[in-house]
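Participant: Can you read through this structure? Questions will come right after.
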Amino acid sequence: MNTFRKVYEFYRDGFRNMEVGKTLWIIILIKLAIMFLILRVFFFRPELSRYDTDAEKAEHVRENLTKQP
Amino acid sequence: MLLSSLVDASRLQFALTAMYHWLFVPLTLGLGILIAIFETKYYRTNDESWKKLTQFWSRIFAINFACGVATGIILEFEFGTNWSNYSWFVGDIFGAPLAIEGIFAFFLESTFFAVMYFGWNKVSKGFHLLSTWLTAIGANISAYWILTANGWMQNPVGVAFNPATARNEMVDFWGIVFSSTTITKFSHSVLSGFLVASIVVIAISCWYLKKQRNHEFSMRSIKYATVFGLFSIFMLMVTGHSSAVTVAKTQPMKLAAMEGLYRGENGTPLVGIGILNPKKEYDNDEKPYLFHISFPKGLSFLANMDFDSFVPGINDIIEGGYKYVDKNGEEKTAISFQEKVERGNMARRALELYGQHKDNPDTNIRNQVLAQAQQYLDDNFEYFGYGFLKDPKESIPNIPMTFYSFRIMVTLGGYFIVFLLVCFWLWKKKVIEKKKWFIFLAIVSVPLVYICAEAGWIVAEVGRQPWTIQDLLPVQASVSGVSSGNVWTTFIIFAVLFTTLLIAELKIAFNQIKKGPEGIKWN
């Protein structure tokens with residue numbers, strides 16, 4: 001328990017005392033928000049995720065690989 | 001036309017993301033090692049000025065790391081959305097190295113990165129030094145796994161295609177991990193990162209000398225960065241040669257494109273300086289160059305370590321009929337483009353038959369057809385991708401982009417050898433700060449070293465077109481059925497997002513550089 005507390009305090013003090021780090025964390029959080037809340041949700045839906053099983057995914061890709069002229 | 005537009009949009013978007021990614025990554029790879037060397041010096045001497053020096057460069061490292069971390073994740077998004085056929089087709093060959101990379105990145109970089117930044121005066125000096133080394137090594141090991149995946153795309157070894165799942169399955173993990181392409185690609189890419197870091201450290205230090213401040217800090221930084229840079233550039237020459245040997249064996253069309261070579265010969269010359277003839281096509285009689293200066297027999301030596309060996313040109317590869325030694329060391333006669341297309345079509349037809357009959361209720365017919373289809377696939381799968389091509393022109397990459405990018409990379413590489421030797425000499429004479437011209441050159445060298453690193457990747461990636469996976473899958477068969485409008489929209493979002501990130505990084509980095517090592521306060 002003591003170890004966990006030390007690790008927690010280590011990170012807490014580290015984040016509290018950051019100078020440039022605060023700006024960098026803001027940049028990182030904005031990036032992650034844009035990527036996972038906007039891009040991933042609205043633009044980057046993996047095409048094969050609409051299929052439930054691997055067999056259906058395989059069938060879809062096999063069709064694409066054999067039907068394309 | 002629609003498909004072409006989607007393929008072009010998807011390729012452009014991937015190229016944009018990858019090129020931005022490679023603006024951030026090389027500095028992380030090289031600067032991490034340099035910082036670990038600086039901190040080792042502090043650990044050994046207990047000299048506080050080494051600690052200050054380590055902390056300053058660590059801050060530049062952190063800024064670059066924080067701004068760059070997202071670009072790699074977006075590349076992985078693009079695989080699933082824009083390149084779904086490809087992502088499925090490669091199966092666990094791509095997934096396994098990326099998963100290992102994720103674990104390494106998480107445990108090594110993330111854990112020890114925190115100790116590196118929050119741990120000054122809180123953990124022992126020895127443990128802090130260990131954390132710095134593990135962060136630097138972790139970043140480079142991560143790069144190895146990413147380049148394993150990329151190397152496999154350029155030289156697909158160690159797999160078997162399973163028509164039941166329409167996926168490639170790994171049969172030789174170590175063959176993939178230690179393929180000649182992976183090793184040369186990793187060493188060449190990582191060393192280019194080391195060179196980038198050296199030049200950035202020298203340039204910032206020279207700027208301090210110009211401003212007549214932080215003299216001792218700058219001279220120490222220049223000394224170590226120069227030696228590190230010289231080591232990197234000489235090793236880059238060695239690995240560059242190894243890359244050429246590997247490319248000659250596994251991607252002869254890429255080598256021909258790098259040289260603008262249409263007709264090979266025994267003792268093929270290497271073009272040193274040249275201007276391509278824009279009217280030249282593989283099927284006309286125009287001369288390939290408007291102007292060129294070549295090293296006699298140079299390409300034969302570069303490719304095969306034999307001055308009199310034959311190096312095939314674009315026309316030779318399309319027509320076939322020449323003797324070559326394949327990647328397994330066996331002597332073979334090259335088959336023509338047309339034969340490759342026929343064998344690719346046989347493989348595609350076999351896969352189609354497999355799909356049609358895999359659920360056939362008649363067991364006898366099913367077993368017979370599936371066995372026959374499997375046999376056809378086994379015999380012809382190495383040319384599977386050619387089944388999507390119609391015209392020999394489709395098998396030729398963009399020659400001017402590959403040719404000129406290669407020359408930009410090599411010319412700048414030559415410049416950096418001279419630059420670093422001069423830097424070392426001026427440092428030894430302790431006269432760098434008096435040489436205004438050199439300080440100017442050092443600062444100008446920063447954009448040049450990034451251009452050099454990007455040009456190398458353009459050669460590697462444009463030169464392998466039309467393949468996403470060499471000979472197995474061309475770009476047009478790799479894309480998803482998404483709308484090209486959607487891809488263009490995300491392309492614009494990325495262009496804005498990445499440019500903003502780059503401007504933010506530069507602004508924060510310039511502020512820190514202006515503050516200098518004395519402006520750093522660590523808890």
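Here, A, B, ... name the chains of the structure tokens in the order displayed, residue numbers run from 1 inside each chain, and ligands are numbered from 1 in the same displayed order.
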For the contact check between chain A and chain B, emit one row per residue of chain A within 9 Å, containing the shortest atom pair and the distance in Å rounded to one decimal, counting only C-alpha atoms, chain then rising number order, as JSON lines.
Facilitator:
```
{"residue": "A:Phe10", "atom": "CA", "partner": "B:Phe118", "partner_atom": "CA", "distance": 7.2}
{"residue": "A:Tyr11", "atom": "CA", "partner": "B:Phe118", "partner_atom": "CA", "distance": 7.2}
{"residue": "A:Asp13", "atom": "CA", "partner": "B:Phe118", "partner_atom": "CA", "distance": 7.9}
{"residue": "A:Gly14", "atom": "CA", "partner": "B:Phe118", "partner_atom": "CA", "distance": 4.8}
{"residue": "A:Phe15", "atom": "CA", "partner": "B:Phe118", "partner_atom": "CA", "distance": 7.9}
{"residue": "A:Asn17", "atom": "CA", "partner": "B:Asn523", "partner_atom": "CA", "distance": 6.4}
{"residue": "A:Met18", "atom": "CA", "partner": "B:Trp522", "partner_atom": "CA", "distance": 8.1}
{"residue": "A:Glu19", "atom": "CA", "partner": "B:Lys521", "partner_atom": "CA", "distance": 8.2}
{"residue": "A:Val20", "atom": "CA", "partner": "B:Ile508", "partner_atom": "CA", "distance": 8.0}
{"residue": "A:Gly21", "atom": "CA", "partner": "B:Ile63", "partner_atom": "CA", "distance": 8.2}
{"residue": "A:Thr23", "atom": "CA", "partner": "B:Ile508", "partner_atom": "CA", "distance": 8.6}
{"residue": "A:Leu24", "atom": "CA", "partner": "B:Ala66", "partner_atom": "CA", "distance": 6.1}
{"residue": "A:Trp25", "atom": "CA", "partner": "B:Ala66", "partner_atom": "CA", "distance": 7.7}
{"residue": "A:Ile27", "atom": "CA", "partner": "B:Cys67", "partner_atom": "CA", "distance": 7.2}
{"residue": "A:Ile28", "atom": "CA", "partner": "B:Ala66", "partner_atom": "CA", "distance": 6.4}
{"residue": "A:Lys31", "atom": "CA", "partner": "B:Ala70", "partner_atom": "CA", "distance": 6.8}
{"residue": "A:Leu32", "atom": "CA", "partner": "B:Ala70", "partner_atom": "CA", "distance": 7.4}
{"residue": "A:Met35", "atom": "CA", "partner": "B:Ile74", "partner_atom": "CA", "distance": 7.6}
{"residue": "A:Leu39", "atom": "CA", "partner": "B:Thr490", "partner_atom": "CA", "distance": 7.8}
{"residue": "A:Arg40", "atom": "CA", "partner": "B:Phe77", "partner_atom": "CA", "distance": 7.6}
{"residue": "A:Phe43", "atom": "CA", "partner": "B:Asn486", "partner_atom": "CA", "distance": 7.1}
{"residue": "A:Phe44", "atom": "CA", "partner": "B:Thr81", "partner_atom": "CA", "distance": 5.5}
{"residue": "A:Arg45", "atom": "CA", "partner": "B:Thr81", "partner_atom": "CA", "distance": 5.8}
{"residue": "A:Pro46", "atom": "CA", "partner": "B:Thr81", "partner_atom": "CA", "distance": 4.3}
{"residue": "A:Glu47", "atom": "CA", "partner": "B:Thr81", "partner_atom": "CA", "distance": 5.5}
{"residue": "A:Leu48", "atom": "CA", "partner": "B:Ser84", "partner_atom": "CA", "distance": 6.8}
{"residue": "A:Ser49", "atom": "CA", "partner": "B:Gly80", "partner_atom": "CA", "distance": 8.9}
{"residue": "A:Asp54", "atom": "CA", "partner": "B:Thr165", "partner_atom": "CA", "distance": 7.8}
{"residue": "A:Ala55", "atom": "CA", "partner": "B:Thr165", "partner_atom": "CA", "distance": 7.0}
{"residue": "A:Lys57", "atom": "CA", "partner": "B:Trp88", "partner_atom": "CA", "distance": 8.1}
{"residue": "A:Ala58", "atom": "CA", "partner": "B:Thr165", "partner_atom": "CA", "distance": 5.2}
{"residue": "A:Glu59", "atom": "CA", "partner": "B:Gly355", "partner_atom": "CA", "distance": 7.6}
{"residue": "A:His60", "atom": "CA", "partner": "B:Asn85", "partner_atom": "CA", "distance": 8.7}
{"residue": "A:Val61", "atom": "CA", "partner": "B:Asn85", "partner_atom": "CA", "distance": 5.7}
{"residue": "A:Arg62", "atom": "CA", "partner": "B:Ala166", "partner_atom": "CA", "distance": 5.9}
{"residue": "A:Glu63", "atom": "CA", "partner": "B:Glu352", "partner_atom": "CA", "distance": 7.7}
{"residue": "A:Asn64", "atom": "CA", "partner": "B:Ala477", "partner_atom": "CA", "distance": 7.5}
{"residue": "A:Leu65", "atom": "CA", "partner": "B:Ala477", "partner_atom": "CA", "distance": 6.6}
{"residue": "A:Thr66", "atom": "CA", "partner": "B:Glu352", "partner_atom": "CA", "distance": 5.7}
{"residue": "A:Lys67", "atom": "CA", "partner": "B:Glu352", "partner_atom": "CA", "distance": 8.2}
{"residue": "A:Gln68", "atom": "CA", "partner": "B:Ala477", "partner_atom": "CA", "distance": 7.6}
{"residue": "A:Pro69", "atom": "CA", "partner": "B:Phe388", "partner_atom": "CA", "distance": 7.0}
```
Participant: Provide the CA of Glu454 in chain B to CA of Leu23 in chain B distance in Å, to one decimal place.
Facilitator: 7.9 Å
Participant: Looking only at strand (DSSP E) from DSSP on the backbone, list the matching residues of range 159-370 of chain B as a list of chain:residue names.
Facilitator: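 Here are the strand (DSSP E) residues of range 159-370 of chain B: B:Val159, B:Ala160, B:Phe161, B:Asn162, B:Arg167, B:Asn168, B:Glu169, B:Met170, B:Leu270, B:Val271, B:Gly272, B:Ile273, B:Gly274, B:Ile275, B:Leu276, B:Tyr289, B:Leu290, B:Phe291, B:His292, B:Ile293, B:Ser294, B:Phe295, B:Lys323, B:Tyr324, B:Val325, B:Glu331, B:Lys332, B:Thr333.
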Participant: Restrict the selected residues to N, CA, C and O atoms and save them as a short mmCIF file (atom, residue, chain, number, x, y, z; two decimals), in the first residue's frame.
Facilitator:
```
data_model
loop_
_atom_site.label_atom_id
_atom_site.label_comp_id
_atom_site.auth_asym_id
_atom_site.auth_seq_id
_atom_site.Cartn_x
_atom_site.Cartn_y
_atom_site.Cartn_z
N VAL B 159 5.28 -16.43 -44.70
CA VAL B 159 3.83 -16.54 -44.57
C VAL B 159 3.27 -17.60 -45.53
O VAL B 159 3.92 -17.99 -46.48
N ALA B 160 2.05 -18.02 -45.23
CA ALA B 160 1.31 -18.89 -46.16
C ALA B 160 -0.09 -18.31 -46.28
O ALA B 160 -0.67 -17.89 -45.27
N PHE B 161 -0.62 -18.27 -47.50
CA PHE B 161 -1.95 -17.71 -47.70
C PHE B 161 -2.99 -18.79 -47.46
O PHE B 161 -2.88 -19.90 -47.98
N ASN B 162 -3.99 -18.44 -46.65
CA ASN B 162 -5.07 -19.38 -46.37
C ASN B 162 -6.34 -18.92 -47.11
O ASN B 162 -6.94 -17.91 -46.74
N ARG B 167 -6.63 -14.75 -45.75
CA ARG B 167 -5.58 -14.03 -45.02
C ARG B 167 -4.24 -14.73 -45.17
O ARG B 167 -4.17 -15.95 -45.37
N ASN B 168 -3.18 -13.95 -45.00
CA ASN B 168 -1.85 -14.54 -44.90
C ASN B 168 -1.63 -14.94 -43.45
O ASN B 168 -1.97 -14.19 -42.53
N GLU B 169 -1.05 -16.11 -43.26
CA GLU B 169 -0.80 -16.58 -41.90
C GLU B 169 0.69 -16.78 -41.70
O GLU B 169 1.39 -17.27 -42.59
N MET B 170 1.13 -16.38 -40.53
CA MET B 170 2.55 -16.42 -40.23
C MET B 170 3.02 -17.86 -40.05
O MET B 170 2.43 -18.61 -39.29
N LEU B 270 26.35 3.81 -62.59
CA LEU B 270 25.52 4.46 -61.57
C LEU B 270 25.45 5.94 -61.90
O LEU B 270 26.49 6.60 -62.06
N VAL B 271 24.23 6.46 -62.02
CA VAL B 271 24.07 7.88 -62.37
C VAL B 271 24.38 8.73 -61.13
O VAL B 271 23.71 8.60 -60.10
N GLY B 272 25.40 9.58 -61.25
CA GLY B 272 25.74 10.48 -60.14
C GLY B 272 24.83 11.70 -60.18
O GLY B 272 24.11 12.00 -59.23
N ILE B 273 24.89 12.40 -61.30
CA ILE B 273 24.05 13.58 -61.50
C ILE B 273 23.30 13.34 -62.80
O ILE B 273 23.89 12.86 -63.78
N GLY B 274 22.03 13.67 -62.84
CA GLY B 274 21.31 13.46 -64.09
C GLY B 274 20.01 14.22 -64.15
O GLY B 274 19.42 14.56 -63.11
N ILE B 275 19.58 14.51 -65.36
CA ILE B 275 18.25 15.09 -65.59
C ILE B 275 17.51 14.11 -66.49
O ILE B 275 17.98 13.77 -67.59
N LEU B 276 16.34 13.66 -66.02
CA LEU B 276 15.56 12.69 -66.79
C LEU B 276 14.91 13.36 -68.00
O LEU B 276 14.56 14.54 -67.95
N TYR B 289 17.90 10.09 -70.42
CA TYR B 289 18.38 11.29 -69.71
C TYR B 289 18.62 12.42 -70.71
O TYR B 289 19.08 12.19 -71.83
N LEU B 290 18.35 13.66 -70.25
CA LEU B 290 18.77 14.82 -71.04
C LEU B 290 20.24 15.09 -70.79
O LEU B 290 20.96 15.60 -71.64
N PHE B 291 20.65 14.75 -69.58
CA PHE B 291 22.04 14.98 -69.18
C PHE B 291 22.35 14.03 -68.04
O PHE B 291 21.51 13.80 -67.17
N HIS B 292 23.55 13.48 -68.02
CA HIS B 292 23.92 12.67 -66.86
C HIS B 292 25.43 12.48 -66.78
O HIS B 292 26.13 12.47 -67.80
N ILE B 293 25.89 12.37 -65.55
CA ILE B 293 27.29 11.99 -65.31
C ILE B 293 27.23 10.71 -64.48
O ILE B 293 26.59 10.69 -63.42
N SER B 294 27.85 9.65 -65.01
CA SER B 294 27.70 8.35 -64.35
C SER B 294 29.05 7.76 -63.94
O SER B 294 30.09 8.10 -64.52
N PHE B 295 29.01 6.92 -62.93
CA PHE B 295 30.19 6.18 -62.50
C PHE B 295 30.16 4.83 -63.20
O PHE B 295 29.22 4.04 -62.99
N LYS B 323 18.85 -13.72 -66.54
CA LYS B 323 19.17 -14.58 -65.39
C LYS B 323 19.35 -13.72 -64.14
O LYS B 323 19.91 -12.62 -64.22
N TYR B 324 18.88 -14.22 -63.04
CA TYR B 324 19.08 -13.50 -61.79
C TYR B 324 19.13 -14.50 -60.64
O TYR B 324 18.69 -15.65 -60.78
N VAL B 325 19.67 -14.03 -59.52
CA VAL B 325 19.70 -14.87 -58.31
C VAL B 325 18.61 -14.35 -57.40
O VAL B 325 18.59 -13.17 -57.05
N GLU B 331 19.56 -19.51 -58.75
CA GLU B 331 19.61 -18.82 -60.05
C GLU B 331 18.35 -19.15 -60.85
O GLU B 331 17.95 -20.32 -60.93
N LYS B 332 17.73 -18.12 -61.40
CA LYS B 332 16.48 -18.30 -62.13
C LYS B 332 16.48 -17.44 -63.38
O LYS B 332 17.29 -16.52 -63.51
N THR B 333 15.52 -17.73 -64.27
CA THR B 333 15.30 -16.87 -65.43
C THR B 333 14.03 -16.07 -65.16
O THR B 333 12.99 -16.64 -64.81
#
```
Participant: Tell me, as number ranges by chain, which residues lie within 6 Å of Lys51 in chain B, counting only C-alpha atoms; anything in the same chain fewer than 3 positions away does not count.
Facilitator: B: 42, 48, 54
Participant: Write a file of the selected residues as a compact mmCIF listing (two decimals), in the first residue's frame, keeping all heavy atoms.
Facilitator:
```
# COMPACT_ATOMS: atom_id res chain seq x y z
N TYR B 42 27.06 12.70 -16.73
CA TYR B 42 26.72 13.30 -15.42
C TYR B 42 26.87 12.26 -14.31
O TYR B 42 27.44 12.54 -13.24
CB TYR B 42 25.28 13.83 -15.46
CG TYR B 42 24.71 14.13 -14.10
CD1 TYR B 42 25.32 15.06 -13.25
CD2 TYR B 42 23.58 13.46 -13.64
CE1 TYR B 42 24.80 15.33 -11.99
CE2 TYR B 42 23.06 13.71 -12.38
CZ TYR B 42 23.68 14.63 -11.56
OH TYR B 42 23.17 14.87 -10.31
N GLU B 48 27.44 19.06 -12.10
CA GLU B 48 26.07 19.59 -12.24
C GLU B 48 25.80 20.18 -13.63
O GLU B 48 24.66 20.22 -14.08
CB GLU B 48 25.81 20.66 -11.18
CG GLU B 48 25.53 20.12 -9.79
CD GLU B 48 24.23 19.31 -9.69
OE1 GLU B 48 23.20 19.80 -10.15
OE2 GLU B 48 24.29 18.17 -9.16
N THR B 54 21.79 17.75 -19.72
CA THR B 54 20.86 16.63 -19.94
C THR B 54 19.42 17.10 -19.84
O THR B 54 18.56 16.75 -20.66
CB THR B 54 21.10 15.52 -18.88
OG1 THR B 54 22.47 15.16 -18.93
CG2 THR B 54 20.23 14.31 -19.13
```
Participant: Could you give me, as a PyMOL selection string, each residue of range 98-282 of chain B that DSSP assigns to helix (DSSP H, G or I) when run on this structure's backbone?
Facilitator: chain B and resi 98-118+125-154+173-177+180-210+215-250+252-259
Participant: Might you pull out every residue within 7 Å of range 187-198 of chain B, with only C-alpha atoms counted and same-chain residues fewer than 2 positions away left off, and present them as a ChimeraX atom specification?
Facilitator: /B:26-27,29-31,183-185,200-202,225-226,228-229,232-233,236,239-240,449-450,453
Participant: Residues as selected, C-alpha atoms, written as an mmCIF file, in the first residue's frame, can you do that?
Facilitator:
```
data_model
loop_
_atom_site.group_PDB
_atom_site.id
_atom_site.type_symbol
_atom_site.label_atom_id
_atom_site.label_comp_id
_atom_site.auth_asym_id
_atom_site.auth_seq_id
_atom_site.Cartn_x
_atom_site.Cartn_y
_atom_site.Cartn_z
ATOM 1 C CA PRO B 26 13.614 10.708 -36.044
ATOM 2 C CA LEU B 27 14.434 13.361 -33.447
ATOM 3 C CA LEU B 29 15.025 8.173 -31.834
ATOM 4 C CA GLY B 30 18.329 10.038 -31.958
ATOM 5 C CA LEU B 31 17.937 12.629 -29.214
ATOM 6 C CA ILE B 183 17.225 -5.330 -40.770
ATOM 7 C CA THR B 184 18.471 -2.904 -43.423
ATOM 8 C CA LYS B 185 15.311 -0.803 -43.183
ATOM 9 C CA VAL B 200 19.545 19.644 -34.456
ATOM 10 C CA VAL B 201 21.823 19.635 -31.370
ATOM 11 C CA ILE B 202 24.713 21.171 -33.325
ATOM 12 C CA ALA B 225 26.637 15.438 -31.289
ATOM 13 C CA THR B 226 29.402 15.640 -33.899
ATOM 14 C CA PHE B 228 27.500 10.741 -32.777
ATOM 15 C CA GLY B 229 26.644 12.285 -36.156
ATOM 16 C CA SER B 232 25.704 7.730 -37.832
ATOM 17 C CA ILE B 233 26.583 9.060 -41.282
ATOM 18 C CA LEU B 236 24.329 5.157 -42.978
ATOM 19 C CA THR B 239 23.439 0.356 -44.399
ATOM 20 C CA GLY B 240 22.582 2.324 -47.550
ATOM 21 C CA VAL B 449 18.479 16.983 -42.650
ATOM 22 C CA TYR B 450 14.699 16.636 -42.475
ATOM 23 C CA ALA B 453 15.221 11.869 -44.123
#
```
Participant: Rounded to one decimal, what separation in Å do you get between CA of Val41 in chain A and CA of Tyr20 in chain B?
Facilitator: 22.6 Å
